[in-house]
$ cat input_39.cif   # mmCIF, C-alpha atoms
data_upload
#
loop_
_atom_site.label_atom_id
_atom_site.label_comp_id
_atom_site.auth_asym_id
_atom_site.auth_seq_id
_atom_site.Cartn_x
_atom_site.Cartn_y
_atom_site.Cartn_z
CA MET A 1 57.05 36.15 -50.03
CA ARG A 2 53.69 36.99 -48.37
CA LYS A 3 52.69 33.29 -48.49
CA GLN A 4 55.98 32.22 -46.88
CA PHE A 5 55.53 34.85 -44.15
CA LEU A 6 52.01 33.60 -43.37
CA VAL A 7 53.21 30.01 -43.14
CA LEU A 8 56.07 31.04 -40.84
CA SER A 9 53.69 33.05 -38.68
CA LEU A 10 51.36 30.07 -38.32
CA LEU A 11 54.24 27.79 -37.32
CA VAL A 12 55.35 30.28 -34.65
CA LEU A 13 51.78 30.54 -33.37
CA VAL A 14 51.44 26.75 -33.11
CA ALA A 15 54.72 26.54 -31.23
CA LEU A 16 53.66 29.24 -28.80
CA CYS A 17 50.31 27.53 -28.14
CA ALA A 18 52.02 24.21 -27.57
CA GLY A 19 54.24 25.90 -25.05
CA LEU A 20 51.23 26.82 -22.99
CA TYR A 21 50.57 23.13 -22.41
CA ALA A 22 54.06 21.66 -22.36
CA THR A 23 57.41 23.05 -21.31
CA PRO A 24 60.72 21.22 -20.92
CA ASN A 25 59.96 20.81 -17.21
CA THR A 26 56.22 20.12 -17.43
CA PRO A 27 54.79 17.17 -19.35
CA ALA A 28 51.84 17.72 -21.64
CA LYS A 29 48.49 17.55 -19.85
CA PRO A 30 46.81 14.21 -20.64
CA ALA A 31 43.34 14.07 -22.11
CA SER A 32 40.50 13.62 -19.63
CA PRO A 33 39.73 9.92 -19.10
CA THR A 34 36.50 8.57 -20.56
CA ALA A 35 34.40 5.91 -18.89
CA ALA A 36 34.89 2.40 -20.24
CA PHE A 37 31.77 1.08 -21.95
CA THR A 38 30.71 -2.52 -21.39
CA SER A 39 27.81 -4.28 -23.10
CA LEU A 40 25.15 -5.89 -20.91
CA SER A 41 25.42 -9.65 -20.45
CA VAL A 42 22.53 -10.49 -18.11
CA TYR A 43 19.02 -9.32 -18.99
CA GLY A 44 16.50 -11.46 -17.20
CA ALA A 45 13.13 -11.73 -15.51
CA TRP A 46 11.95 -13.49 -12.43
CA HIS A 47 8.90 -15.51 -13.41
CA CYS A 48 6.15 -16.08 -10.86
CA GLY A 49 3.24 -17.31 -12.91
CA SER A 50 -0.46 -17.30 -11.99
CA ASP A 51 -0.64 -20.98 -12.90
CA PHE A 52 2.76 -22.60 -13.37
CA CYS A 53 1.32 -24.93 -16.01
CA SER A 54 0.37 -22.02 -18.28
CA TRP A 55 3.98 -20.92 -18.85
CA SER A 56 4.08 -22.35 -22.38
CA SER A 57 0.96 -20.49 -23.51
CA VAL A 58 0.51 -17.14 -25.24
CA ARG A 59 0.27 -15.46 -21.81
CA ASN A 60 4.03 -15.13 -21.71
CA HIS A 61 4.78 -14.81 -25.40
CA TRP A 62 6.65 -11.52 -24.88
CA LEU A 63 9.42 -13.35 -23.03
CA ILE A 64 10.31 -15.36 -26.11
CA ASP A 65 9.31 -12.77 -28.73
CA ARG A 66 9.95 -9.03 -28.45
CA GLY A 67 7.99 -8.51 -31.67
CA ASN A 68 10.64 -9.55 -34.17
CA GLY A 69 10.87 -13.21 -33.24
CA SER A 70 13.77 -12.74 -30.79
CA PRO A 71 13.38 -13.15 -27.02
CA SER A 72 12.97 -10.11 -24.77
CA VAL A 73 15.33 -11.61 -22.16
CA ASN A 74 18.24 -14.04 -22.03
CA LEU A 75 17.43 -15.41 -18.57
CA VAL A 76 14.26 -16.58 -16.83
CA VAL A 77 14.32 -17.37 -13.11
CA LEU A 78 11.38 -19.56 -12.10
CA SER A 79 10.22 -18.47 -8.66
CA PHE A 80 9.97 -20.00 -6.06
CA VAL A 81 11.10 -23.39 -4.70
CA GLN A 82 10.27 -23.84 -1.00
CA PRO A 83 13.56 -24.73 0.77
CA LEU A 84 12.17 -27.11 3.40
CA LYS A 85 10.21 -29.03 0.79
CA LEU A 86 13.34 -29.31 -1.34
CA LEU A 87 15.29 -30.61 1.66
CA ASN A 88 12.62 -33.24 2.37
CA LYS A 89 11.93 -33.97 -1.31
CA THR A 90 8.27 -33.45 -0.50
CA ASN A 91 5.51 -34.94 -2.63
CA ASP A 92 2.12 -33.31 -2.12
CA SER A 93 -0.71 -31.69 -4.08
CA GLY A 94 1.55 -28.93 -5.40
CA THR A 95 5.03 -30.41 -5.19
CA ALA A 96 6.98 -33.31 -6.66
CA GLN A 97 10.34 -34.25 -5.13
CA GLY A 98 10.47 -30.82 -3.51
CA VAL A 99 9.89 -28.84 -6.73
CA PRO A 100 6.59 -27.10 -7.62
CA LEU A 101 4.58 -29.24 -10.01
CA GLY A 102 4.50 -26.58 -12.69
CA MET A 103 8.29 -26.26 -12.89
CA THR A 104 8.48 -29.09 -15.36
CA GLN A 105 11.15 -30.07 -17.83
CA ALA A 106 8.77 -28.99 -20.60
CA VAL A 107 8.62 -25.46 -19.17
CA VAL A 108 12.39 -25.31 -18.81
CA ASP A 109 12.91 -26.58 -22.35
CA TYR A 110 10.34 -24.08 -23.68
CA PHE A 111 12.72 -21.28 -22.73
CA LYS A 112 16.01 -23.08 -23.35
CA SER A 113 14.96 -23.97 -26.90
CA ARG A 114 14.83 -20.20 -27.59
CA GLY A 115 18.34 -19.63 -26.23
CA ILE A 116 17.11 -18.38 -22.84
CA ARG A 117 19.04 -19.56 -19.77
CA VAL A 118 16.85 -20.89 -16.92
CA GLN A 119 17.38 -20.89 -13.17
CA LEU A 120 15.22 -21.98 -10.24
CA SER A 121 15.00 -19.56 -7.33
CA ILE A 122 14.99 -21.10 -3.86
CA GLY A 123 13.26 -18.99 -1.25
CA GLY A 124 11.79 -15.52 -1.57
CA ILE A 125 10.44 -13.34 1.21
CA THR A 126 7.55 -15.76 1.84
CA TYR A 127 9.92 -18.62 2.61
CA VAL A 128 12.36 -17.01 5.06
CA ASP A 129 11.24 -19.29 7.88
CA ALA A 130 11.49 -22.30 5.59
CA TRP A 131 15.07 -21.35 4.72
CA ASN A 132 15.92 -21.03 8.41
CA GLN A 133 14.41 -24.41 9.21
CA ALA A 134 16.09 -26.14 6.28
CA LEU A 135 19.53 -24.69 7.05
CA ALA A 136 19.22 -25.53 10.74
CA THR A 137 18.20 -29.09 9.89
CA ASN A 138 20.78 -29.93 7.23
CA GLY A 139 22.24 -27.24 4.99
CA THR A 140 24.57 -29.74 3.37
CA GLN A 141 21.76 -32.04 2.26
CA LEU A 142 19.78 -29.07 0.99
CA GLY A 143 22.75 -28.11 -1.19
CA LEU A 144 23.10 -31.65 -2.50
CA ASN A 145 19.38 -31.80 -3.31
CA ALA A 146 19.58 -28.46 -5.13
CA ALA A 147 22.53 -29.69 -7.19
CA GLN A 148 20.64 -32.85 -8.06
CA VAL A 149 17.66 -30.87 -9.35
CA ALA A 150 19.96 -28.55 -11.29
CA GLN A 151 21.69 -31.47 -12.98
CA ARG A 152 18.46 -33.30 -13.75
CA MET A 153 16.73 -30.28 -15.31
CA GLY A 154 19.75 -28.49 -16.78
CA VAL A 155 19.15 -25.27 -14.85
CA GLY A 156 21.06 -22.98 -12.53
CA ILE A 157 20.07 -22.20 -8.95
CA GLU A 158 19.47 -18.84 -7.30
CA ILE A 159 19.72 -18.38 -3.52
CA ASP A 160 17.01 -15.99 -2.35
CA TYR A 161 17.49 -16.04 1.43
CA GLU A 162 15.97 -12.85 2.85
CA GLU A 163 16.67 -13.25 6.57
CA ASN A 164 17.58 -9.73 7.63
CA THR A 165 18.25 -9.97 11.37
CA ASN A 166 20.19 -13.16 12.02
CA PRO A 167 20.86 -15.24 8.89
CA ASN A 168 22.28 -18.71 9.35
CA LEU A 169 25.50 -18.03 7.47
CA ALA A 170 27.17 -21.23 8.63
CA GLY A 171 24.24 -23.23 7.29
CA LEU A 172 24.28 -21.29 4.03
CA GLN A 173 28.02 -21.90 3.72
CA ALA A 174 27.33 -25.62 4.12
CA PHE A 175 24.67 -25.40 1.39
CA ILE A 176 27.11 -23.68 -0.99
CA ASN A 177 29.97 -26.06 -0.18
CA ALA A 178 27.74 -29.07 -0.87
CA TYR A 179 26.48 -27.62 -4.14
CA ARG A 180 29.99 -26.83 -5.32
CA SER A 181 31.21 -30.30 -4.33
CA VAL A 182 28.92 -31.62 -7.07
CA LEU A 183 29.03 -28.69 -9.49
CA PRO A 184 32.29 -26.70 -9.29
CA TYR A 185 32.45 -23.06 -10.30
CA ASP A 186 32.45 -22.80 -14.09
CA ALA A 187 33.69 -19.47 -15.44
CA SER A 188 32.85 -20.53 -19.00
CA GLY A 189 29.16 -20.84 -18.22
CA ASN A 190 28.99 -23.93 -20.42
CA ASN A 191 27.32 -26.07 -17.76
CA PRO A 192 23.94 -24.48 -16.91
CA ALA A 193 23.71 -26.43 -13.66
CA ALA A 194 26.96 -24.91 -12.39
CA ARG A 195 25.44 -21.42 -12.40
CA LEU A 196 24.85 -20.51 -8.72
CA THR A 197 23.81 -16.96 -7.85
CA ILE A 198 22.52 -15.05 -4.83
CA ASP A 199 20.11 -12.19 -4.20
CA LEU A 200 21.22 -9.23 -2.10
CA ALA A 201 19.32 -6.10 -1.13
CA SER A 202 19.00 -3.16 -3.50
CA GLY A 203 21.78 -1.43 -1.55
CA ASP A 204 23.95 -2.33 1.44
CA ARG A 205 21.59 -1.20 4.22
CA TRP A 206 19.37 -4.30 4.34
CA LEU A 207 20.44 -7.95 4.52
CA ILE A 208 23.65 -6.47 5.91
CA ALA A 209 25.14 -9.66 7.34
CA LEU A 210 24.40 -11.55 4.15
CA ALA A 211 25.94 -8.80 2.01
CA ARG A 212 29.06 -8.71 4.20
CA LYS A 213 29.60 -12.47 3.92
CA ALA A 214 28.68 -12.83 0.26
CA THR A 215 30.74 -9.88 -0.95
CA ALA A 216 33.89 -10.88 0.91
CA ASP A 217 33.83 -14.66 0.60
CA TRP A 218 31.62 -15.74 -2.30
CA LEU A 219 31.73 -12.93 -4.87
CA ASN A 220 35.35 -11.83 -4.85
CA THR A 221 37.17 -11.94 -8.18
CA THR A 222 40.21 -13.85 -6.90
CA THR A 223 38.52 -17.04 -5.70
CA PRO A 224 34.86 -16.71 -6.72
CA VAL A 225 32.38 -19.22 -5.36
CA LEU A 226 29.09 -17.76 -6.64
CA ASP A 227 28.73 -16.51 -10.19
CA TYR A 228 27.14 -13.17 -9.32
CA ALA A 229 24.55 -11.40 -7.18
CA ASN A 230 21.30 -9.66 -8.03
CA ALA A 231 20.70 -6.37 -6.25
CA MET A 232 16.98 -6.97 -5.76
CA VAL A 233 14.20 -4.45 -6.23
CA ALA A 234 13.74 -1.90 -3.45
CA SER A 235 10.53 -1.66 -1.41
CA LYS A 236 9.02 0.29 -4.30
CA GLN A 237 10.08 1.44 -7.74
CA PHE A 238 12.75 4.13 -7.80
CA THR A 239 11.45 7.60 -8.61
CA SER A 240 14.54 8.57 -10.61
CA ALA A 241 17.64 7.16 -12.23
CA SER A 242 19.80 8.82 -9.58
CA ALA A 243 17.90 7.01 -6.80
CA ALA A 244 18.48 3.64 -8.43
CA GLN A 245 22.12 4.40 -9.09
CA ALA A 246 22.69 5.52 -5.50
CA ASP A 247 21.56 2.12 -4.22
CA TRP A 248 23.65 0.18 -6.73
CA GLN A 249 26.67 2.37 -6.00
CA GLU A 250 26.54 1.21 -2.37
CA HIS A 251 27.51 -2.29 -3.50
CA ILE A 252 30.39 -0.93 -5.57
CA ASP A 253 31.67 1.31 -2.77
CA GLY A 254 30.98 -1.05 0.13
CA LYS A 255 30.35 0.26 3.63
CA PRO A 256 33.73 0.93 5.27
CA GLN A 257 31.98 2.75 8.14
CA PHE A 258 30.10 -0.39 9.21
CA ALA A 259 31.60 -2.53 11.96
CA PRO A 260 32.65 -4.92 10.59
CA PRO A 261 32.71 -3.26 7.17
CA ILE A 262 31.16 -4.47 3.92
CA VAL A 263 33.91 -4.58 1.31
CA PRO A 264 33.37 -3.26 -2.23
CA LEU A 265 31.77 -5.50 -4.84
CA ALA A 266 33.10 -5.60 -8.41
CA PRO A 267 30.61 -4.13 -10.91
CA ALA A 268 31.09 -7.30 -12.98
CA LYS A 269 29.69 -9.35 -10.11
CA PHE A 270 26.13 -8.04 -9.88
CA THR A 271 22.99 -6.92 -11.67
CA GLY A 272 20.51 -4.18 -10.78
CA SER A 273 16.78 -4.86 -10.59
CA LEU A 274 13.66 -2.94 -11.55
CA TYR A 275 9.93 -3.53 -11.26
CA ILE A 276 7.98 -4.10 -14.46
CA VAL A 277 4.68 -4.11 -12.57
CA THR A 278 4.08 -1.52 -9.87
CA GLY A 279 0.32 -1.43 -9.30
CA THR A 280 -2.90 -1.77 -11.22
CA ARG A 281 -1.36 -0.40 -14.42
CA ALA A 282 1.65 -1.59 -16.36
CA ALA A 283 4.84 0.33 -15.54
CA PRO A 284 6.87 2.20 -18.18
CA GLU A 285 9.52 -0.48 -17.69
CA CYS A 286 6.99 -2.91 -19.15
CA ILE A 287 5.38 -0.85 -21.91
CA SER A 288 7.40 2.31 -22.67
CA PHE A 289 11.18 2.01 -22.86
CA SER A 290 11.72 5.70 -23.69
CA SER A 291 10.25 6.82 -20.36
CA SER A 292 11.60 3.91 -18.32
CA LEU A 293 14.40 3.48 -15.81
CA ILE A 294 15.79 0.79 -18.11
CA ASN A 295 16.54 3.68 -20.46
CA SER A 296 17.60 6.39 -18.02
CA THR A 297 19.96 4.18 -15.98
CA GLY A 298 21.50 2.48 -19.01
CA LEU A 299 24.60 4.65 -19.31
CA TYR A 300 25.45 4.18 -15.61
CA VAL A 301 24.91 0.42 -15.72
CA GLN A 302 27.21 0.10 -18.74
CA THR A 303 29.99 2.40 -17.52
CA VAL A 304 30.13 2.54 -13.71
CA ALA A 305 33.73 2.13 -12.61
CA PRO A 306 35.09 -0.23 -9.93
CA ASN A 307 35.92 1.31 -6.57
CA GLY A 308 38.08 -1.16 -4.71
CA ALA A 309 37.06 -4.47 -6.32
CA GLY A 310 37.32 -5.67 -9.88
CA THR A 311 39.06 -4.08 -12.83
CA THR A 312 36.37 -3.66 -15.51
CA SER A 313 33.63 -1.05 -15.69
CA GLY A 314 29.93 -1.72 -16.02
CA MET A 315 27.49 -3.89 -14.09
CA LEU A 316 26.45 -7.26 -15.53
CA GLY A 317 22.99 -6.05 -16.50
CA TYR A 318 19.37 -5.98 -15.34
CA MET A 319 16.80 -8.23 -13.70
CA PHE A 320 13.06 -7.50 -13.76
CA TRP A 321 10.42 -8.26 -11.14
CA ALA A 322 8.37 -10.01 -12.31
CA ALA A 323 6.83 -11.76 -15.31
CA GLU A 324 3.28 -13.14 -15.16
CA CYS A 325 1.44 -12.35 -11.88
CA PRO A 326 3.76 -11.68 -8.93
CA SER A 327 0.94 -10.41 -6.71
CA SER A 328 -2.84 -10.46 -6.53
CA ARG A 329 -2.65 -6.69 -5.99
CA ARG A 330 -0.70 -5.96 -9.17
CA VAL A 331 -1.36 -6.14 -12.87
CA CYS A 332 -0.11 -9.23 -14.68
CA THR A 333 2.34 -8.97 -17.57
CA VAL A 334 -0.05 -10.60 -20.02
CA PRO A 335 -1.96 -9.04 -22.93
CA PRO A 336 -2.81 -6.21 -23.11
CA ASP A 337 -0.03 -5.47 -20.59
CA SER A 338 2.78 -7.60 -21.96
CA CYS A 339 6.25 -6.06 -21.96
CA GLU A 340 7.51 -5.97 -25.55
CA GLY A 341 7.41 -2.15 -25.48
CA GLY A 342 9.62 -1.84 -22.40
CA VAL A 343 11.82 -4.84 -21.71
CA GLY A 344 11.61 -5.94 -25.33
CA VAL A 345 12.67 -2.58 -26.76
CA GLY A 346 15.47 -2.52 -24.17
CA ALA A 347 16.72 -5.85 -25.51
CA ASP A 348 16.91 -4.28 -28.97
CA THR A 349 18.44 -1.04 -27.73
CA TYR A 350 21.19 -2.72 -25.73
CA ASN A 351 21.72 -5.50 -28.26
CA ILE A 352 21.26 -8.16 -25.60
CA PRO A 353 23.20 -11.32 -26.53
CA ILE A 354 21.11 -14.47 -26.85
CA PRO A 355 22.18 -16.92 -25.64
CA MET A 356 23.98 -15.36 -22.72
CA PRO A 357 27.75 -15.26 -23.29
CA PRO A 358 30.44 -16.19 -20.75
CA LEU A 359 30.43 -13.58 -18.02
CA ARG A 360 33.25 -11.16 -17.18
CA GLN A 361 35.20 -12.43 -14.22
CA ASN A 362 36.77 -9.20 -12.97
#

$ encode --input "input_39.cif" --output "structure tokens"
Amino acid sequence: MRKQFLVLSLLVLVALCAGLYATPNTPAKPASPTAAFTSLSVYGAWHCGSDFCSWSSVRNHWLIDRGNGSPSVNLVVLSFVQPLKLLNKTNDSGTAQGVPLGMTQAVVDYFKSRGIRVQLSIGGITYVDAWNQALATNGTQLGLNAAQVAQRMGVGIEIDYEENTNPNLAGLQAFINAYRSVLPYDASGNNPAARLTIDLASGDRWLIALARKATADWLNTTTPVLDYANAMVASKQFTSASAAQADWQEHIDGKPQFAPPIVPLAPAKFTGSLYIVTGTRAAPECISFSSSLINSTGLYVQTVAPNGAGTTSGMLGYMFWAAECPSSRRVCTVPPDSCEGGVGVGADTYNIPIPMPPLRQN
């Protein structure tokens, strides 16, 4: 009898507790939503080189071997092609048919044979004037020439046009139209040459006109024209994860207060960027994953929710500036300062897919 009474008492107690949360007129309170978790797809490095012809030497071994025989990245972006020389298919002491002499098929194949996707970056901050001249002269022909190089070498193309005050958007539209007339958008990613990306500022407060145009017309998820954007490194390395995330969140939120506004960008349509060299010593992002921003921003990058564009959570991944020697004033990412301990450990931690899979489209 005592056992039956205890069981009955427990049943009454459960019923009473349930009543606190649900009554005939009030539905049960749903569980709190949890952030969707998305694996990283893009994990790449811009590659400057101190001597383009040394790219297949031990100087850059960390890119293809994180210490266990697997690459540290799944994308290498060879930087930079000078736009005006590409337009004119210049041949000179450092250039052949508009492409730097060191950006050879052998260098491209060195990375591709390890499952690493390769792109050529056109522009950079040094070549803003060259971009302006090339677009003013013949943006369409520049796009056709870029597509020809992409097809010949089996690489994608990155647009790095850093004109802040008055970008030639009509000329850049002509470039993109011409490129896509040869190499249509390919959501599968199967054709490396069809991969066409663009660099935007770290947040939405620089390269404003470019961000407005690219986000609305080239990076939307309904009729995409470019595959994705890279939110480039800021003027200096972020001092905290929250600082980095605040900049990247600007792309996701857009700038409705601007006139005209910048619309939101889908998280699936951009990467965030970090320095791996910041001065005369290697940065944690190069040598110490546990104390790096690659580590501390990882949860945000994999779970940040859309806010007006796109339907899936999580950014595409990370880009790192830059392998080899990006500046005479900074350390080079060569032994003893190669980046297996930072970028390489990150590749292990986040289980970076090699080769790069098809990218999320929304």

$ residues_around --input "input_39.cif" --residues "Gln105 of chain A" --least-positions-apart "6" --cutoff "10 Å" --atoms "only C-alpha atoms" --output "number ranges by chain"
A: 152-155

$ residues_around --input "input_39.cif" --residues "Pro83 of chain A" --least-positions-apart "6" --cutoff "8 Å" --atoms "only C-alpha atoms" --output "list in words"
Ile122, Gly123, Tyr127, Ala130, Trp131, Ala134 and Leu142 of chain A

$ resolve_selection --input "input_39.cif" --expression "the PyMOL selection byres ((chain A and resi 36-52) around 8)" --output "VMD selection string"
chain A and resid 34 to 35 53 to 55 73 to 80 101 to 103 271 302 to 303 305 312 to 326 347 350 352 to 353 356 to 357 359

$ residues_near_point --input "input_39.cif" --point "(24.9, -22.6, -0.5)" --cutoff "9 Å" --atoms "all atoms listed in the file" --output "list in words"
Gly139, Thr140, Leu142, Gly143, Ile159, Gly171, Leu172, Gln173, Ala174, Phe175, Ile176, Asn177, Ala178, Tyr179, Arg180, Leu196 and Leu226 of chain A

$ closest_residue --input "input_39.cif" --among "A:Val149, A:Ala266, A:Val331, A:Leu84" --to "Gly279 of chain A" --atoms "only C-alpha atoms"
A:Val331

$ closest_atom_pairs --input "input_39.cif" --of "segment 97-213 of chain A" --to "segment 233-247 of chain A" --cutoff "8 Å" --atoms "all atoms listed in the file" --output "Markdown table"
| residue | atom | partner | partner_atom | distance |
| --- | --- | --- | --- | --- |
| A:Ala201 | CA | A:Ala234 | CA | 7.4 |
| A:Ser202 | CA | A:Ala234 | CA | 5.4 |
| A:Gly203 | CA | A:Asp247 | CA | 4.4 |
| A:Asp204 | CA | A:Asp247 | CA | 7.6 |

$ atom_distance --input "input_39.cif" --atom1 "atom CA of Cys286 of chain A" --atom2 "atom CA of Leu274 of chain A"
10.1 Å
